[in-house]
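For reference, the structure discussed in these notes is given below.
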2 protein chains.
Amino acid sequence: MLYSKIFGKTRRDSKKYDSANATYLIKAGFIDQVMAGTYTYLTLGLRVLNKIENIIREEINTIGTEVFMPTLAPKEQWAKTNRLETVDVLMKSTPANKIAQAKNDTEYVLSPTHEETVTPLAQKFNLSYKDFPFALYHIQTKFRNEPRVKSGLLRGREFRMKDLYSFHTTVEDMKKYYENSKKVYTKIFERLGIGKETVISLASGGSFTQDYSHEFQTICETGEDTLFFVESTGIYYNREVAPSEAPKIKSNEKILPREEIEGKGIKGVDELAKFLNIPVEKTTKTMIYEADNRIVAVAVRGGYTINEDKLKKILNCTVLKMATPEVVKKVTGAEVGYAGIINLPKNVEIIIDESVNNRANFECGANKTNFHSRNINFGKDIPIPERFYDIKLANEGDLFPETKEKYKVMKAAEVGNIFPLYTKFSDAFGYKFTDVDGKEKPVYMGCYGIGPSRIMGIIVEKFNDEKGIIWPESVAPFQVHLVGLDLNDESVKSKVYKVYKVLSENNIEVLFDDRIGVTAGNKFSDADLIGIPVRLVVSRRTGEKIEFKRRNEKETKIISVEEVLKFMTKSQ
Amino acid sequence: MLYSKIFGKTRRDSKKYDSANATYLIKAGFIDQVMAGTYTYLTLGLRVLNKIENIIREEINTIGTEVFMPTLAPKEQWAKTNRLETVDVLMKSTPANKIAQAKNDTEYVLSPTHEETVTPLAQKFNLSYKDFPFALYHIQTKFRNEPRVKSGLLRGREFRMKDLYSFHTTVEDMKKYYENSKKVYTKIFERLGIGKETVISLASGGSFTQDYSHEFQTICETGEDTLFFVESTGIYYNREVAPSEAPKIKSNEKILPREEIEGKGIKGVDELAKFLNIPVEKTTKTMIYEADNRIVAVAVRGGYTINEDKLKKILNCTVLKMATPEVVKKVTGAEVGYAGIINLPKNVEIIIDESVNNRANFECGANKTNFHSRNINFGKDIPIPERFYDIKLANEGDLFPETKEKYKVMKAAEVGNIFPLYTKFSDAFGYKFTDVDGKEKPVYMGCYGIGPSRIMGIIVEKFNDEKGIIWPESVAPFQVHLVGLDLNDESVKSKVYKVYKVLSENNIEVLFDDRIGVTAGNKFSDADLIGIPVRLVVSRRTGEKIEFKRRNEKETKIISVEEVLKFMTKSQ
């Protein structure tokens, strides 16, 4: 393709966006921002997106059947699964003006995921047990009412998604398919050029299951997720589910008598630690929750955050919410900010994280407005509880409880996730099948997502240098960037057009910088910015030969067209 | 592909939908209706859709550059072109629930067309006059708040669209490109198998231009449009713009004296004609309009409808609307239903269609509640107007005014349309370019649409018989439908699988009906319903040979695999 003819050229401005992928993809002319979180894919960007989607398609075709479900869905279907009023990123369509409203004022869900469409679809065909298992997928544009769009293609309001749904007659079959899907996903990320850096992590099963779900995470400094890796087991946990044990605070201190200190209006554990002249690790954070109809006081060591997912599982409750200031006052006798785990009424359950233990002379709220208790010790000021829990978000430095080894912690970007859905959606739609024994039984489901546009962004986050993008071969917009110099010289010009022709005839995808009046320096820096794996230069200087350089190498070599062809077919 | 493995099998029910395409496509398992106007494309349907889109893509690539613009657009852009509040099919997105709303309550337009996105996109790249002309297109899902979805894939709320936008420095260049686009479109429809039946018709230029726009219409009995064809000029007019002359009513009748007849509550010209015992052609329909600030009485012969587009052009007004009953009363002195063209106040403009002329002793409203005037004659009861106009929707039987020849009238379905946009959108966004003379000048634009999903529906409307669909080769989901019979016989089974393998290895797309336990009759009727161009049968009876039959022919022949391969490569 002639560079002069593509739409979306490099930009010379030095504008920086909030992420490497936004900056490079916009500057190099791959995408254009229509508004926050919404992009047009220009010539180069669309080629990359299509390559990513085709690799995904080829591999998913081995385990599923492609269909194409619509974006719009009836609101009633979403009400059936109880997601219409609860999914915080859900968008709907509505007439845009009064004239439109007068003609048709029905509203439709703009699907951010397709369980509510695919389950009734599968159900409608009323398949025999012999037809199970089967799996349907599509590659579609998805919509999410994302409050904070950011990081270019990593988190948008409109993005591309491959979502696959599998259907099974038994939970065992669901699990077997689920395990196999991991292999297919691994192959996809290998082919996309991020295989080495992509790991499987355990993540929350959400509202579907007590099990974990699984995420495919690409290790990446600018990723939004934090992984906790246990070296001895080889298991990665997403921070949100990592079991954690706080490091012990060794101390041979003398046990001191408990004191109450007045400290009005102190905000947060850091300020409090300073005020009391103790390390933050000696403070305690106590929060009052309402769990269904129970009142629960929950305590973690200062510096930790309560993980409500973990807490919810322990409390085995449906609705968990922070108590209102009124309830806190009633329960603790104090304003918000002074709750502690001493002297609470008997009807309050107390859940103490293990991080609260293993400390001497620690602080906790006094359950008295403006007062903090100091030199608290289990067995003296508070009875030793029957057990300590793990209800905190893991921090770097924490131990994996089973083996007591310190986690290796790293940043990562999610590139895919898979969920065992069990019968959550088939139950909601009453989707059953008739088994060989003539009995109606529930259908088990799994769902499996990969975001092609997001992956495009993550690849750029991973593979770039100060000059621009460095595309993996499989998803590069072209295989070769042919730079023509000295094009005013007719003999050079005819030579470079001949090279372009020969490469194209050999089915090599070439982006040919045919611009006249652009300096060699600009053409080279554009080539580096765009990031195609191989750069070829034809100029007066190269004579009958061609200068060959890989984007990720420094050296250049002068070789013949035949050698170029040999190199290119080898690298395919 | 194995038929047993595809999703979306034929249905045995006899349910009929409102159109052939809906009935056949659903019954044959190409699509599934999610809700009115919204469909899932199943395995077979998606293959057809992809083939249609790829043919369009290949041809449009010769005159434009593919990009991929998002569905969501900022409302402000639509306000700039004054379409936010006026487009009656416009939808927008909004948070679906209170939680979502609390997080982000911005609304976005769901684009039914992309001028509001592509114009600022082109503008942003600030190209030199040397880079013009250029054209951008994408293939996207579009949304229309269609009040009456109908006819399967022909009119939906969510559908596929290829929209191309061209940019030019002069109006001449725009027109040159526009003419060339017709050739490309013609080639596309030829390749899609509807070339012979597809014609170019003149249609309304909408609010963009006084010029005509052009539609590509496939002649089709079930089409929604009516074309008026002038044989001597070879020009097709969409009914909405066809110039028309009503047939003269020959009469040697004696001119009779005008009468006023009381006829209370008579509704419509048919009832009136009966009541007065005159032919409908002798009645007159008079409507009172407000055109900007003018009051206009408009008259057409009974049996005709006023064409407001034509009227608006003649009146050269911005807003045209029917007068309210209050205004009608004030102007005519009568309730609605009794307006006529006699005795109107001087400040009322009168526009009389030519169909009102050439009649003797005709009827018109008496401008008196419950009264109708009879035996009206020009020059006697009403002054002969300076000129008669053409402000009616053409009826079958009308003449083309220039040549006085009777139109050939036919039904057709629109498969594409092209619009000269001139500077309507570039003006709205202030999009100018700097010309070679250093002056800023406006950019001229054109837009060019084709709906792939709609075309899929129209192809089925055109090509079907009582047994099912008859796909053109270029868009058929597969080239060959291989029916295996007697599959319980291992030797037959191995033979048919071998045929399947040989065909596949020769890159022939085969749908192989590998089902066991389905009768030959059912397999044949499924093959006819699905409509793949060639059916092959391998059974005990065919021995080492294969039965070959084309979907659109009756005869079968018994031939060898080699002959099948020869036939198939010939037909490609």
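How things are named: the first chain in the structure tokens is A, the next is B, and so on; residues count from 1 in each chain; ligands count from 1 in the order shown.
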What's around B:Lys15 at 10 Å? Count only C-alpha atoms, leave out sequence neighbours fewer than 2 positions away in its own chain, and write the answer as a ChimeraX atom specification. /B:11-13,17,23-24,26-27
Residues from last step as file, N, CA and C atoms, as a PDB file, in the first residue's frame:
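Contents of out-v6.pdb, freshly written:
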ATOM      1  N   ARG B  11     -36.020 -25.414  10.407  1.00  0.00           N
ATOM      2  CA  ARG B  11     -37.159 -25.647  11.310  1.00  0.00           C
ATOM      3  C   ARG B  11     -38.310 -26.254  10.529  1.00  0.00           C
ATOM      4  N   ARG B  12     -38.980 -27.180  11.163  1.00  0.00           N
ATOM      5  CA  ARG B  12     -40.048 -27.892  10.448  1.00  0.00           C
ATOM      6  C   ARG B  12     -41.405 -27.181  10.575  1.00  0.00           C
ATOM      7  N   ASP B  13     -41.468 -26.172  11.424  1.00  0.00           N
ATOM      8  CA  ASP B  13     -42.774 -25.516  11.597  1.00  0.00           C
ATOM      9  C   ASP B  13     -43.146 -24.755  10.326  1.00  0.00           C
ATOM     10  N   TYR B  17     -43.712 -15.473   8.259  1.00  0.00           N
ATOM     11  CA  TYR B  17     -43.491 -14.100   8.716  1.00  0.00           C
ATOM     12  C   TYR B  17     -44.037 -13.145   7.661  1.00  0.00           C
ATOM     13  N   THR B  23     -39.327 -15.345   6.439  1.00  0.00           N
ATOM     14  CA  THR B  23     -39.793 -16.732   6.534  1.00  0.00           C
ATOM     15  C   THR B  23     -38.693 -17.724   6.160  1.00  0.00           C
ATOM     16  N   TYR B  24     -38.098 -17.527   4.995  1.00  0.00           N
ATOM     17  CA  TYR B  24     -37.091 -18.487   4.534  1.00  0.00           C
ATOM     18  C   TYR B  24     -35.807 -18.431   5.360  1.00  0.00           C
ATOM     19  N   ILE B  26     -35.350 -17.505   8.455  1.00  0.00           N
ATOM     20  CA  ILE B  26     -35.540 -18.065   9.796  1.00  0.00           C
ATOM     21  C   ILE B  26     -35.734 -19.585   9.709  1.00  0.00           C
ATOM     22  N   LYS B  27     -36.604 -19.990   8.778  1.00  0.00           N
ATOM     23  CA  LYS B  27     -36.890 -21.426   8.643  1.00  0.00           C
ATOM     24  C   LYS B  27     -35.664 -22.231   8.246  1.00  0.00           C
TER      25      LYS B  27
END
Distance filter 7 Å, only C-alpha atoms, chain B against chain A, as a PyMOL selection string: chain B and resi 6-7+38-43+46+65-70+84-86+88-97+99-100+103-104+145+147
If I take atom CA of A:Phe429 and atom CA of A:Ser111, how far is one from the other in Å, to one decimal?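 If I compute the distance from atom CA of A:Phe429 to atom CA of A:Ser111, I get 17.2 Å.
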One decimal, Å: what's the distance from atom CA of A:Glu221 over to atom CA of A:Ser244, could you say? 22.5 Å
Separation of atom CA of B:Asn506 and atom CA of A:Asn507, in Å?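 Calculated distance between atom CA of B:Asn506 and atom CA of A:Asn507 is 20.8 Å.
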